[in-house]
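K.L.:
As input, take final_8.cif (mmCIF, C-alpha atoms):
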data_entry
loop_
_atom_site.label_atom_id
_atom_site.label_comp_id
_atom_site.auth_asym_id
_atom_site.auth_seq_id
_atom_site.Cartn_x
_atom_site.Cartn_y
_atom_site.Cartn_z
CA GLY A 1 13.54 -14.87 273.06
CA GLU A 2 15.85 -13.49 270.31
CA LEU A 3 16.29 -9.73 270.25
CA GLY A 4 17.20 -7.58 267.26
CA SER A 5 16.51 -8.08 263.54
CA PHE A 6 16.30 -11.50 262.01
CA VAL A 7 14.93 -13.34 259.02
CA TYR A 8 12.70 -16.32 259.60
CA ASP A 9 10.36 -18.61 257.69
CA ASN A 10 6.74 -17.88 258.65
CA PRO A 11 4.91 -21.24 258.63
CA LEU A 12 1.58 -19.47 258.30
CA THR A 13 2.40 -17.47 255.18
CA ARG A 14 5.13 -19.82 254.00
CA HIS A 15 7.28 -16.78 253.11
CA ASN A 16 10.47 -15.44 254.51
CA GLU A 17 9.86 -12.47 256.73
CA LEU A 18 12.08 -9.86 258.31
CA GLY A 19 11.36 -9.38 261.96
CA THR A 20 12.57 -7.10 264.69
CA SER A 21 11.97 -7.83 268.40
CA VAL A 22 12.42 -5.37 271.25
CA VAL A 23 11.79 -5.54 275.02
CA LEU A 24 9.12 -3.23 276.34
CA ASP A 25 9.24 -1.48 279.69
CA ASN A 26 6.76 -3.94 281.18
CA GLY A 27 8.96 -6.87 280.28
CA TRP A 28 6.90 -7.94 277.32
CA PHE A 29 8.45 -8.57 273.91
CA ALA A 30 7.20 -6.69 270.89
CA VAL A 31 7.87 -8.21 267.49
CA VAL A 32 7.40 -6.32 264.20
CA THR A 33 7.44 -8.42 261.07
CA LEU A 34 7.39 -7.55 257.41
CA PRO A 35 7.65 -9.75 254.33
CA GLU A 36 11.22 -9.90 253.13
CA THR A 37 10.29 -8.77 249.62
CA ARG A 38 8.65 -5.61 250.96
CA ALA A 39 11.46 -4.94 253.39
CA LEU A 40 14.10 -5.20 250.70
CA GLU A 41 12.06 -3.51 247.96
CA GLY A 42 13.55 -0.04 248.57
CA LEU A 43 17.04 -1.46 248.78
CA ASN A 44 16.52 -3.37 245.55
CA GLN A 45 15.32 -0.18 243.85
CA ILE A 46 18.37 1.69 245.08
CA VAL A 47 20.69 -1.08 243.88
CA THR A 48 18.89 -1.18 240.52
CA ALA A 49 19.21 2.59 240.16
CA ILE A 50 22.90 2.44 241.04
CA VAL A 51 23.47 -0.32 238.49
CA LEU A 52 21.60 1.65 235.81
CA VAL A 53 23.58 4.82 236.57
CA LEU A 54 26.83 2.90 236.48
CA ALA A 55 25.86 1.24 233.21
CA ALA A 56 24.92 4.60 231.67
CA GLY A 57 28.16 6.13 232.91
CA VAL A 58 30.24 3.29 231.50
CA THR A 59 28.35 3.53 228.18
CA ALA A 60 28.88 7.30 228.01
CA LEU A 61 32.54 6.88 228.92
CA LEU A 62 33.03 4.25 226.23
CA GLY A 63 31.20 6.41 223.66
CA THR A 64 33.26 9.47 224.57
CA SER A 65 36.47 7.43 224.45
CA PHE A 66 35.50 6.07 221.02
CA LEU A 67 34.71 9.53 219.65
CA LEU A 68 37.92 10.95 221.14
CA ALA A 69 40.00 8.09 219.74
CA ARG A 70 38.35 8.55 216.35
CA SER A 71 39.04 12.31 216.38
CA ILE A 72 42.67 11.74 217.39
CA SER A 73 43.07 9.07 214.70
CA ARG A 74 41.60 11.38 212.05
CA SER A 75 43.85 14.26 213.10
CA LEU A 76 46.94 12.05 213.18
CA GLY A 77 46.05 10.70 209.76
CA GLU A 78 45.77 14.22 208.33
CA VAL A 79 49.11 15.25 209.81
CA ALA A 80 50.70 12.01 208.55
CA ARG A 81 49.36 12.58 205.02
CA ALA A 82 50.77 16.12 205.00
CA ALA A 83 54.16 14.89 206.22
CA THR A 84 54.18 12.14 203.58
CA GLY A 85 53.35 14.69 200.86
CA LEU A 86 56.18 16.96 202.01
CA ALA A 87 58.59 14.04 201.96
CA ALA A 88 57.54 13.37 198.35
CA GLY A 89 58.11 17.02 197.36
CA ASP A 90 54.40 17.94 197.17
CA LEU A 91 54.12 21.29 198.96
CA ASP A 92 50.40 21.72 198.30
CA GLN A 93 49.40 20.43 201.73
CA GLN A 94 46.84 21.57 204.30
CA VAL A 95 46.43 20.58 207.95
CA ARG A 96 43.01 21.45 209.42
CA VAL A 97 43.72 20.47 213.02
CA ASN A 98 43.16 23.38 215.44
CA SER A 99 42.95 21.78 218.86
CA LYS A 100 44.64 23.27 221.93
CA ASP A 101 46.40 20.08 223.01
CA GLU A 102 49.70 18.51 222.02
CA LEU A 103 48.18 17.26 218.77
CA GLY A 104 47.25 20.83 217.86
CA GLN A 105 50.81 21.94 218.65
CA MET A 106 52.16 19.24 216.34
CA ALA A 107 49.73 20.35 213.60
CA ASN A 108 50.89 23.97 214.02
CA ALA A 109 54.50 22.84 213.68
CA VAL A 110 53.67 20.95 210.47
CA ARG A 111 51.84 24.02 209.09
CA GLU A 112 54.91 26.14 209.80
CA VAL A 113 57.09 23.62 207.95
CA ILE A 114 54.70 23.69 204.97
CA ALA A 115 54.69 27.51 204.89
CA TYR A 116 58.49 27.64 205.20
CA GLN A 117 59.07 25.18 202.37
CA GLN A 118 56.54 27.01 200.18
CA ARG A 119 58.44 30.28 200.76
CA MET A 120 61.75 28.62 199.92
CA ALA A 121 60.22 27.07 196.80
CA ALA A 122 58.93 30.47 195.69
CA VAL A 123 62.39 31.98 196.21
CA ALA A 124 64.02 29.13 194.27
CA GLY A 125 61.53 29.62 191.42
CA ALA A 126 62.27 33.35 191.30
CA ILE A 127 66.03 32.73 191.28
CA SER A 128 65.66 30.19 188.45
CA GLN A 129 63.98 32.94 186.39
CA GLY A 130 66.72 35.46 187.15
CA ASP A 131 64.82 37.38 189.83
CA LEU A 132 67.26 38.03 192.68
CA SER A 133 65.21 40.76 194.33
CA ARG A 134 63.63 38.42 196.91
CA ASP A 135 64.70 39.17 200.46
CA ILE A 136 65.70 35.93 202.17
CA ARG A 137 65.82 36.04 205.96
CA PRO A 138 66.82 32.86 207.80
CA LYS A 139 64.49 32.06 210.69
CA SER A 140 67.40 31.47 213.04
CA GLU A 141 71.13 30.85 213.12
CA ARG A 142 70.35 27.13 212.82
CA ASP A 143 68.28 27.61 209.65
CA VAL A 144 70.71 25.81 207.34
CA LEU A 145 68.46 25.98 204.26
CA GLY A 146 67.60 29.65 204.73
CA ILE A 147 71.24 30.61 205.27
CA ALA A 148 72.29 28.64 202.17
CA PHE A 149 69.64 30.35 200.03
CA ALA A 150 70.62 33.78 201.35
CA ARG A 151 74.30 33.15 200.53
CA MET A 152 73.45 31.78 197.09
CA SER A 153 71.30 34.81 196.27
CA SER A 154 73.99 37.18 197.51
CA ASN A 155 76.71 35.41 195.49
CA LEU A 156 74.57 35.45 192.36
CA ARG A 157 73.90 39.18 192.77
CA THR A 158 77.64 39.76 193.15
CA LEU A 159 78.40 37.72 190.01
CA ILE A 160 75.75 39.59 188.02
CA ASP A 161 77.10 42.95 189.21
CA ARG A 162 80.60 41.92 188.17
CA GLU A 163 79.34 40.72 184.80
CA GLN A 164 77.48 43.99 184.25
CA HIS A 165 80.59 45.97 185.17
CA ALA A 166 82.69 43.82 182.82
CA ARG A 167 80.15 44.31 180.04
CA THR A 168 80.18 48.05 180.61
CA ASP A 169 83.98 48.09 180.55
CA ALA A 170 83.98 46.03 177.34
CA GLU A 171 81.49 48.38 175.69
CA ARG A 172 83.64 51.34 176.70
CA ALA A 173 86.74 49.60 175.29
CA VAL A 174 84.98 48.92 171.99
CA LEU A 175 83.80 52.52 171.80
CA LEU A 176 87.32 53.78 172.54
CA ARG A 177 88.76 51.44 169.90
CA ASP A 178 86.29 52.70 167.31
CA GLN A 179 87.12 56.28 168.18
CA VAL A 180 90.86 55.61 167.92
CA LEU A 181 90.47 53.80 164.61
CA GLN A 182 88.28 56.56 163.28
CA SER A 183 90.85 59.14 164.31
CA ILE A 184 93.69 57.12 162.77
CA SER A 185 91.66 56.60 159.60
CA HIS A 186 90.95 60.28 159.35
CA ASP A 187 94.57 61.15 159.99
CA LEU A 188 95.81 58.65 157.38
CA MET A 189 93.27 59.21 154.66
CA ASN A 190 94.31 62.77 153.87
CA PRO A 191 98.05 61.99 153.40
CA LEU A 192 97.30 58.84 151.42
CA ALA A 193 94.87 60.70 149.21
CA GLY A 194 97.50 63.38 148.60
CA ILE A 195 100.15 60.78 147.73
CA MET A 196 97.79 59.07 145.30
CA ALA A 197 96.90 62.36 143.66
CA GLN A 198 100.56 63.31 143.30
CA ALA A 199 101.42 59.88 141.83
CA GLN A 200 98.64 60.14 139.27
CA LEU A 201 99.66 63.70 138.39
CA LEU A 202 103.27 62.63 137.83
CA ILE A 203 102.11 59.71 135.66
CA ARG A 204 100.08 62.07 133.45
CA ARG A 205 103.02 64.48 133.12
CA ALA A 206 105.40 61.65 132.27
CA VAL A 207 103.05 60.31 129.60
CA SER A 208 102.57 63.85 128.24
CA ALA A 209 106.35 64.19 128.04
CA GLY A 210 106.52 61.10 125.83
CA ALA A 211 107.35 58.41 128.39
CA GLU A 212 106.32 54.90 127.46
CA PRO A 213 104.06 52.76 129.76
CA GLY A 214 106.98 50.43 130.36
CA ASP A 215 109.23 53.28 131.42
CA PRO A 216 110.71 52.60 134.89
CA LEU A 217 109.45 55.99 136.16
CA VAL A 218 105.90 55.40 134.97
CA LYS A 219 105.97 51.83 136.24
CA GLY A 220 107.21 52.92 139.68
CA LEU A 221 104.52 55.63 139.93
CA LEU A 222 101.86 53.07 139.02
CA ASP A 223 103.13 50.70 141.76
CA ILE A 224 103.00 53.56 144.27
CA SER A 225 99.44 54.38 143.20
CA VAL A 226 98.30 50.76 143.58
CA THR A 227 99.98 50.41 146.99
CA VAL A 228 98.42 53.63 148.27
CA ARG A 229 94.96 52.55 147.05
CA ARG A 230 95.31 49.25 148.89
CA ALA A 231 96.36 51.05 152.06
CA THR A 232 93.36 53.36 151.71
CA ASP A 233 91.02 50.40 151.38
CA ASP A 234 92.56 48.77 154.48
CA VAL A 235 92.13 51.95 156.51
CA GLU A 236 88.52 52.26 155.44
#
I need this file expressed as structure tokens, please.
P.N.:
Amino acid sequence: GELGSFVYDNPLTRHNELGTSVVLDNGWFAVVTLPETRALEGLNQIVTAIVLVLAAGVTALLGTSFLLARSISRSLGEVARAATGLAAGDLDQQVRVNSKDELGQMANAVREVIAYQQRMAAVAGAISQGDLSRDIRPKSERDVLGIAFARMSSNLRTLIDREQHARTDAERAVLLRDQVLQSISHDLMNPLAGIMAQAQLLIRRAVSAGAEPGDPLVKGLLDISVTVRRATDDVE
């Protein structure tokens, strides 16, 4: 007399069966029975399919997470190695991370730091070799290193210009001194040569007139001749 769906133990088949009883219009009861295994077979298949799909999804998710974590770890390791090399002064670094996420932005920032330090190193090398023609432009007003290099290069150019001007002035002074000395030498040589010639002429006349070598006049003329010769040598 039970209506609806129910599970019962069929004593004839000795299996659990799923039955459904309904009341007909004539007052009779109609009962439809089906073995429980057959009744639940479709449901079991659906549950099995759902479990398999969930298992595949979880496996794919774990695999994707593992690959993503491995890629992130590799990228972070490459960026960390580049940063460590920069800290040690090794500017020959490369970062091959080109993703569009925050990790890629960090890699781009590290690449910019590498390029900036390489430019500064090239400028420093040129300055150490005396090449001050490099144009140094700080990247911003907060670029302390770039501003310092620009000031240093400008100060060195100013010092070199001053040194070149001083050298030019010194060369001009030496040339002017040589010209003055040459003019003085020329102006003095002629009178000194005339004095020497006159002294020697007077000595010859005095000797011809019978003066002795020890004569005060001859001795004085000889002293004048020696003094004039010394002065001529000094002028030359």
K.L.:
If you measure from CA of Arg204 in chain A to CA of Val226 in chain A, what distance in Å do you get, rounded to one decimal?
P.N.:
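CA of Arg204 in chain A sits 15.3 Å away from CA of Val226 in chain A.
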K.L.:
Any chance you could resolve the PyMOL selection byres ((chain A and resi 95) around 12) against this file and give the residues as number ranges by chain?
P.N.:
A: 74-83, 85-86, 91-94, 96-99, 103-115
K.L.:
Which residue out of A:Leu201, A:Leu132, A:Leu54, A:Val22 has the minimum interatomic distance to Arg157 in chain A when all atoms listed in the file are used?
P.N.:
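Between A:Leu201, A:Leu132, A:Leu54, A:Val22, the residue approaching Arg157 in chain A most closely is A:Leu132.
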K.L.:
Just give me the gap between CA of Asp101 in chain A and CA of Glu141 in chain A in Å, one decimal is fine.
P.N.:
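CA of Asp101 in chain A sits 28.7 Å away from CA of Glu141 in chain A.
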K.L.:
What is the CA of Arg229 in chain A-CA of Ser183 in chain A distance in Å, reported with one decimal?
P.N.:
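Separating CA of Arg229 in chain A from CA of Ser183 in chain A is a distance of 18.9 Å.
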K.L.:
Using only C-alpha atoms, pick whichever of A:Ala87, A:Leu222, A:Leu156, A:Val174 has the shortest atom-to-atom distance to Ala206 in chain A.
P.N.:
A:Leu222
